[in-house]
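Peer 1: Dropping a structure here in structure tokens format, bear with me for questions.
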Amino acid sequence: MKATGIVRRIDDLGRVVIPKEIRRTMRIREGDPLEIFTEKDGEVVFKKYSPVGELSPFAVQYADVLARACNMTVLVCDRDHVIAAAGQNRKDFYERRVSSGLDEVMEGRQTYVVQAGGNRLQPVETISRYAAVASPIIAGGDVTGAVCLIQPESGTVPSEGDVRLAQVAAAFLGKQMEE
């Protein structure tokens with residue numbers, strides 16, 4: 001664990017303010033769920049809770065089937081990281097941080113589809129591969145992640161069927177989180 005040197009007092013209602021710098025660095029937004037852990041030595045640890053992460057084993061299987069169906073690399077992401085990847089180069093993507101561009105797509109709650117000659121979306125930081133389709137996962141009215149189909153290196157534009165598969169996958173995973 002890394003010390004920050006920041007000290008905060010608990011107020012009379014038992015609240016503690018997480019400093020803005022830490023919220024920005026860790027991408028903690030208003031309304032984000034935090035899981036609380038305690039240690040015997042008195043440590044209290046806050047960890048971002050990922051409802052999509054709870055589905056990780058299931059999401060890996062779903063991504064694998066989807067990758068075979070559309071012949072593209074498939075990523076299932078929570079709000080911060082890739083939690084499941086299938087298809088070519090899947091190991092390069094696993095547990096990488098999502099880009100600010102993908103974060104904007106999730107916030108916008110609309111499916112992104114690459115257009116020939118249009119703006120490209122790099123869904124994962126530090127990897128120069130682009131999304132063919134990115135569909136937000138919405139559970140209980142909250143955006144919890146996204147399903148991304150990675151554009152083949154040939155630059156092929158996804159078919160309408162590929163777009164629909166990504167949307168159905170995102171809707172299905174969102175429904176699973178609600179149950």
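Every chain in the structure tokens has a letter given in the order shown (A, B, ...), and although residue numbers restart at 1 in each chain, ligands are simply numbered from 1 in the order shown.
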Write out as a list in words all residues of segment 86-135 of chain A that DSSP puts in helix (DSSP H, G or I) for this structure's backbone.

Peer 2: Arg90, Lys91, Asp92, Phe93, Ser100, Gly101, Leu102, Asp103, Glu104, Val105, Met106, Glu107 and Gly108 of chain A

Peer 1: Please identify the strand (DSSP E or B) residues within segment 40-95 of chain A (assignment by DSSP from backbone atoms) and present them as a PyMOL selection string.

Peer 2: chain A and resi 44-48+73-78+81-86

Peer 1: Just the residues within 12 Å of Ala63 of chain A, please, counting only C-alpha atoms, with nothing from its chain fewer than 5 positions along; format it as a ChimeraX atom specification.

Peer 2: /A:55-58,68-77,82-88,90,146-150,165-166,169-170,172-173

Peer 1: What separation in Å, quoted to one decimal, exists between atom CA of Gly5 of chain A and atom CA of Glu39 of chain A?

Peer 2: 20.1 Å

Peer 1: As JSON, numbers by chain, please: the residues near Met26 of chain A (cut-off 9 Å, only C-alpha atoms, same-chain neighbours under 4 positions excluded).

Peer 2: {"A": [21, 22, 48, 80]}

Peer 1: Residues within 9 Å of Pro123 of chain A, please, as a PyMOL selection string. Count only C-alpha atoms; anything in the same chain fewer than 6 positions from it doesn't count.

Peer 2: chain A and resi 97-103+129-131+134+148+150

Peer 1: Output all heavy atoms for every residue in that selection, as a compact mmCIF listing (two decimals), in the first residue's frame.

Peer 2:
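Heads up, here's the output in result_32.txt:
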```
# COMPACT_ATOMS: atom_id res chain seq x y z
N ARG A 97 -6.26 -0.36 -18.24
CA ARG A 97 -7.17 0.74 -17.91
C ARG A 97 -7.91 1.22 -19.16
O ARG A 97 -7.31 1.33 -20.22
CB ARG A 97 -6.34 1.87 -17.35
CG ARG A 97 -7.04 2.61 -16.26
CD ARG A 97 -6.10 3.54 -15.60
NE ARG A 97 -6.95 4.52 -14.98
CZ ARG A 97 -6.64 5.19 -13.92
NH1 ARG A 97 -5.48 5.04 -13.35
NH2 ARG A 97 -7.48 6.04 -13.41
N VAL A 98 -9.20 1.50 -19.01
CA VAL A 98 -9.96 2.02 -20.16
C VAL A 98 -9.55 3.47 -20.42
O VAL A 98 -9.13 4.18 -19.52
CB VAL A 98 -11.50 1.91 -19.95
CG1 VAL A 98 -11.93 0.48 -19.71
CG2 VAL A 98 -11.99 2.82 -18.85
N SER A 99 -9.70 3.88 -21.66
CA SER A 99 -9.31 5.24 -22.06
C SER A 99 -10.38 6.25 -21.68
O SER A 99 -11.54 5.89 -21.42
CB SER A 99 -9.09 5.28 -23.57
OG SER A 99 -10.33 5.12 -24.23
N SER A 100 -10.01 7.51 -21.72
CA SER A 100 -10.99 8.58 -21.46
C SER A 100 -12.03 8.60 -22.58
O SER A 100 -13.19 8.94 -22.35
CB SER A 100 -10.30 9.92 -21.33
OG SER A 100 -9.55 10.22 -22.48
N GLY A 101 -11.64 8.20 -23.79
CA GLY A 101 -12.60 8.14 -24.91
C GLY A 101 -13.68 7.11 -24.66
O GLY A 101 -14.87 7.37 -24.89
N LEU A 102 -13.30 5.93 -24.16
CA LEU A 102 -14.30 4.91 -23.84
C LEU A 102 -15.16 5.36 -22.67
O LEU A 102 -16.36 5.13 -22.63
CB LEU A 102 -13.66 3.56 -23.57
CG LEU A 102 -14.63 2.41 -23.24
CD1 LEU A 102 -15.66 2.21 -24.36
CD2 LEU A 102 -13.87 1.12 -22.98
N ASP A 103 -14.53 6.05 -21.72
CA ASP A 103 -15.28 6.57 -20.58
C ASP A 103 -16.36 7.54 -21.06
O ASP A 103 -17.50 7.50 -20.58
CB ASP A 103 -14.33 7.27 -19.61
CG ASP A 103 -14.99 7.61 -18.30
OD1 ASP A 103 -15.60 6.71 -17.69
OD2 ASP A 103 -14.91 8.78 -17.88
N ARG A 129 -4.89 0.01 -30.59
CA ARG A 129 -5.91 -0.73 -31.34
C ARG A 129 -7.21 0.04 -31.12
O ARG A 129 -7.40 0.70 -30.09
CB ARG A 129 -6.06 -2.17 -30.81
CG ARG A 129 -4.84 -3.06 -31.04
CD ARG A 129 -4.62 -3.46 -32.48
NE ARG A 129 -5.74 -4.07 -33.15
CZ ARG A 129 -6.06 -5.36 -33.09
NH1 ARG A 129 -5.31 -6.19 -32.40
NH2 ARG A 129 -7.12 -5.82 -33.73
N TYR A 130 -8.11 -0.07 -32.10
CA TYR A 130 -9.29 0.77 -32.06
C TYR A 130 -10.56 -0.05 -32.03
O TYR A 130 -10.61 -1.18 -32.50
CB TYR A 130 -9.28 1.71 -33.28
CG TYR A 130 -8.06 2.60 -33.25
CD1 TYR A 130 -6.91 2.26 -33.93
CD2 TYR A 130 -8.06 3.75 -32.46
CE1 TYR A 130 -5.78 3.06 -33.87
CE2 TYR A 130 -6.94 4.55 -32.39
CZ TYR A 130 -5.80 4.21 -33.09
OH TYR A 130 -4.68 5.00 -33.01
N ALA A 131 -11.61 0.54 -31.47
CA ALA A 131 -12.90 -0.13 -31.34
C ALA A 131 -13.66 -0.07 -32.66
O ALA A 131 -13.69 0.98 -33.31
CB ALA A 131 -13.72 0.51 -30.23
N ALA A 134 -18.48 -0.13 -29.49
CA ALA A 134 -18.43 -0.06 -28.03
C ALA A 134 -19.84 0.23 -27.55
O ALA A 134 -20.43 1.25 -27.91
CB ALA A 134 -17.47 1.02 -27.56
N CYS A 148 -16.78 -4.08 -25.95
CA CYS A 148 -16.09 -3.52 -27.12
C CYS A 148 -15.69 -4.62 -28.07
O CYS A 148 -15.17 -5.65 -27.65
CB CYS A 148 -14.82 -2.79 -26.70
SG CYS A 148 -15.10 -1.36 -25.67
N ILE A 150 -13.05 -5.08 -31.05
CA ILE A 150 -11.86 -4.40 -31.56
C ILE A 150 -11.80 -4.56 -33.07
O ILE A 150 -11.92 -5.67 -33.60
CB ILE A 150 -10.58 -4.97 -30.91
CG1 ILE A 150 -10.65 -4.79 -29.39
CG2 ILE A 150 -9.34 -4.32 -31.48
CD1 ILE A 150 -10.78 -3.37 -28.90
```
